[in-house]
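Trainee: I am attaching a structure below and will ask some questions about it afterwards.
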Amino acid sequence: MKPFLPFVCLAIGAMLVAPVAHAQDTSAKGAGGNLSSLKQVTALLPHNLLVSLLNSAGKEAAASQATDILRQKAEGQTAAFKCKIDRVEKDPRKEQGKDGYRIKAEDSFVREGAANFKAYLWIHFNLTENDKVSAMKKGGEISVTGKITLASVTAQGVLELHVDLSDATVN
């Protein structure tokens, strides 16, 4: 019976690990694979990396690695976010020679595991949305859909999550 013991242990270990990995993959995405919150963006980061972000010795290296992962997993994804408006301004990135608008969402905090990120969200709008966006004011709430074109983590002082949503439309 002893020769079968390692195989039984491997089989039990595989059954315990597989559902956890599957749960992490599905929890990070909303319906249809779209992201619907900044929390879902941070959920794309593996647990061991989140722990490394808390260690002051390797914090900056872990932030660089986290940025690489978010570039692979979050950038290019469609996202639908709800947020409060901090400010509305002309977008310095001109499209087809015309001015567009962008909104900076109110800064928020997103906790993933023991890591607490200060989150910064910039929303760059499609030119077709100019009339709607120009009428918006600080403190208003907005629901938008667009494509994530930047997702990064910095760790100088507090942990920060930076996300840019581009070609956005108002829902």
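Ordered as shown in the structure tokens, chains take letters A, B, and onward, while each chain numbers its residues from 1 and ligands are numbered from 1 in the order shown.
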Skipping near chain neighbours, those fewer than 5 positions away, what residues fall within 9 Å of Phe81 of chain A using only C-alpha atoms, listed as a ChimeraX atom specification?
Mentor: /A:35-38,142-146
Trainee: Using only C-alpha atoms, please write the residues we just selected to a file, as a short mmCIF file (atom, residue, chain, number, x, y, z; two decimals), in the first residue's frame.
Mentor:
```
data_model
loop_
_atom_site.label_atom_id
_atom_site.label_comp_id
_atom_site.auth_asym_id
_atom_site.auth_seq_id
_atom_site.Cartn_x
_atom_site.Cartn_y
_atom_site.Cartn_z
CA LEU A 35 -14.27 44.44 -15.94
CA SER A 36 -16.84 46.35 -13.93
CA SER A 37 -14.83 47.78 -11.02
CA LEU A 38 -11.34 48.80 -10.03
CA ILE A 142 -21.33 58.84 -14.06
CA SER A 143 -21.52 55.38 -15.57
CA VAL A 144 -19.17 54.79 -18.53
CA THR A 145 -17.95 52.06 -20.84
CA GLY A 146 -14.61 52.10 -22.63
#
```
Trainee: Could you please determine the separation between atom CA of Ala43 of chain A and atom CA of Asp91 of chain A in Å, to one decimal place?
Mentor: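 Value for the atom CA of Ala43 of chain A-atom CA of Asp91 of chain A distance: 29.3 Å.
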Trainee: Quick one: distance from atom CA of Arg111 of chain A to atom CA of Gly140 of chain A in Å, one decimal?
Mentor: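 Atom CA of Arg111 of chain A sits 23.9 Å away from atom CA of Gly140 of chain A.
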Trainee: Point out the residue among A:Glu160, A:Asp99, A:Glu75, A:Glu141 with the least atom-to-atom distance to Ala115 of chain A, counting only C-alpha atoms.
Mentor: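 The shortest atom-to-atom distance to Ala115 of chain A comes from A:Glu160.
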Trainee: Can you list, as a ChimeraX atom specification, every residue of segment 11-167 of chain A that DSSP puts in strand (DSSP E)?
Mentor: /A:78-95,98-105,108-112,115-125,141-154,160-167
Trainee: Compile the contact shell of Ser166 of chain A as a list of chain:residue names: residues with an atom at most 6 Å away, counting only C-alpha atoms, same-chain residues fewer than 2 positions apart removed.
Mentor: A:His124, A:Gly146, A:Lys147, A:Ala168
Trainee: Counting only C-alpha atoms, which residue out of A:Val163, A:Val51, A:Ala62, A:Leu150 sits closest to Lys118 of chain A?
Mentor: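 Going through A:Val163, A:Val51, A:Ala62, A:Leu150 one by one, the smallest distance to Lys118 of chain A is for A:Val163.
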Trainee: May I ask which of the residues A:Glu112, A:Asp167, A:Glu60, A:Glu89 is the closest one to Thr149 of chain A, counting only C-alpha atoms?
Mentor: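 The shortest atom-to-atom distance to Thr149 of chain A comes from A:Asp167.
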Trainee: Of the candidates A:Leu159, A:Leu49, A:Met136, A:Lys59, which one gets nearest to Asn116 of chain A if we count only C-alpha atoms?
Mentor: A:Leu159
Trainee: Mind pulling up the distance from atom CA of Asn34 of chain A to atom CA of Ala66 of chain A?
Mentor: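 Interatomic distance here is 19.7 Å.
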Trainee: Got a sec: who's within 10 Å of Lys138 of chain A, counting only C-alpha atoms, leaving out chain neighbours fewer than 6 positions off, as a list in words?
Mentor: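 Listing them by chain and then by number gives Lys84, Ile85, Asp86, Arg87, Val88, Ile103, Lys104, Ala105 and Glu106 of chain A.
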Trainee: For the residues selected in the previous step, produce a file with C-alpha atoms as a CSV table (one decimal), in the first residue's frame.
Mentor:
```
chain,number,residue,atom,x,y,z
A,84,LYS,CA,-18.0,60.2,-8.9
A,85,ILE,CA,-16.6,63.1,-10.9
A,86,ASP,CA,-13.6,65.0,-9.4
A,87,ARG,CA,-13.1,67.2,-12.5
A,88,VAL,CA,-14.0,67.6,-16.2
A,103,ILE,CA,-12.9,63.2,-16.5
A,104,LYS,CA,-10.8,62.5,-13.5
A,105,ALA,CA,-12.8,60.3,-11.1
A,106,GLU,CA,-12.7,61.0,-7.4
```
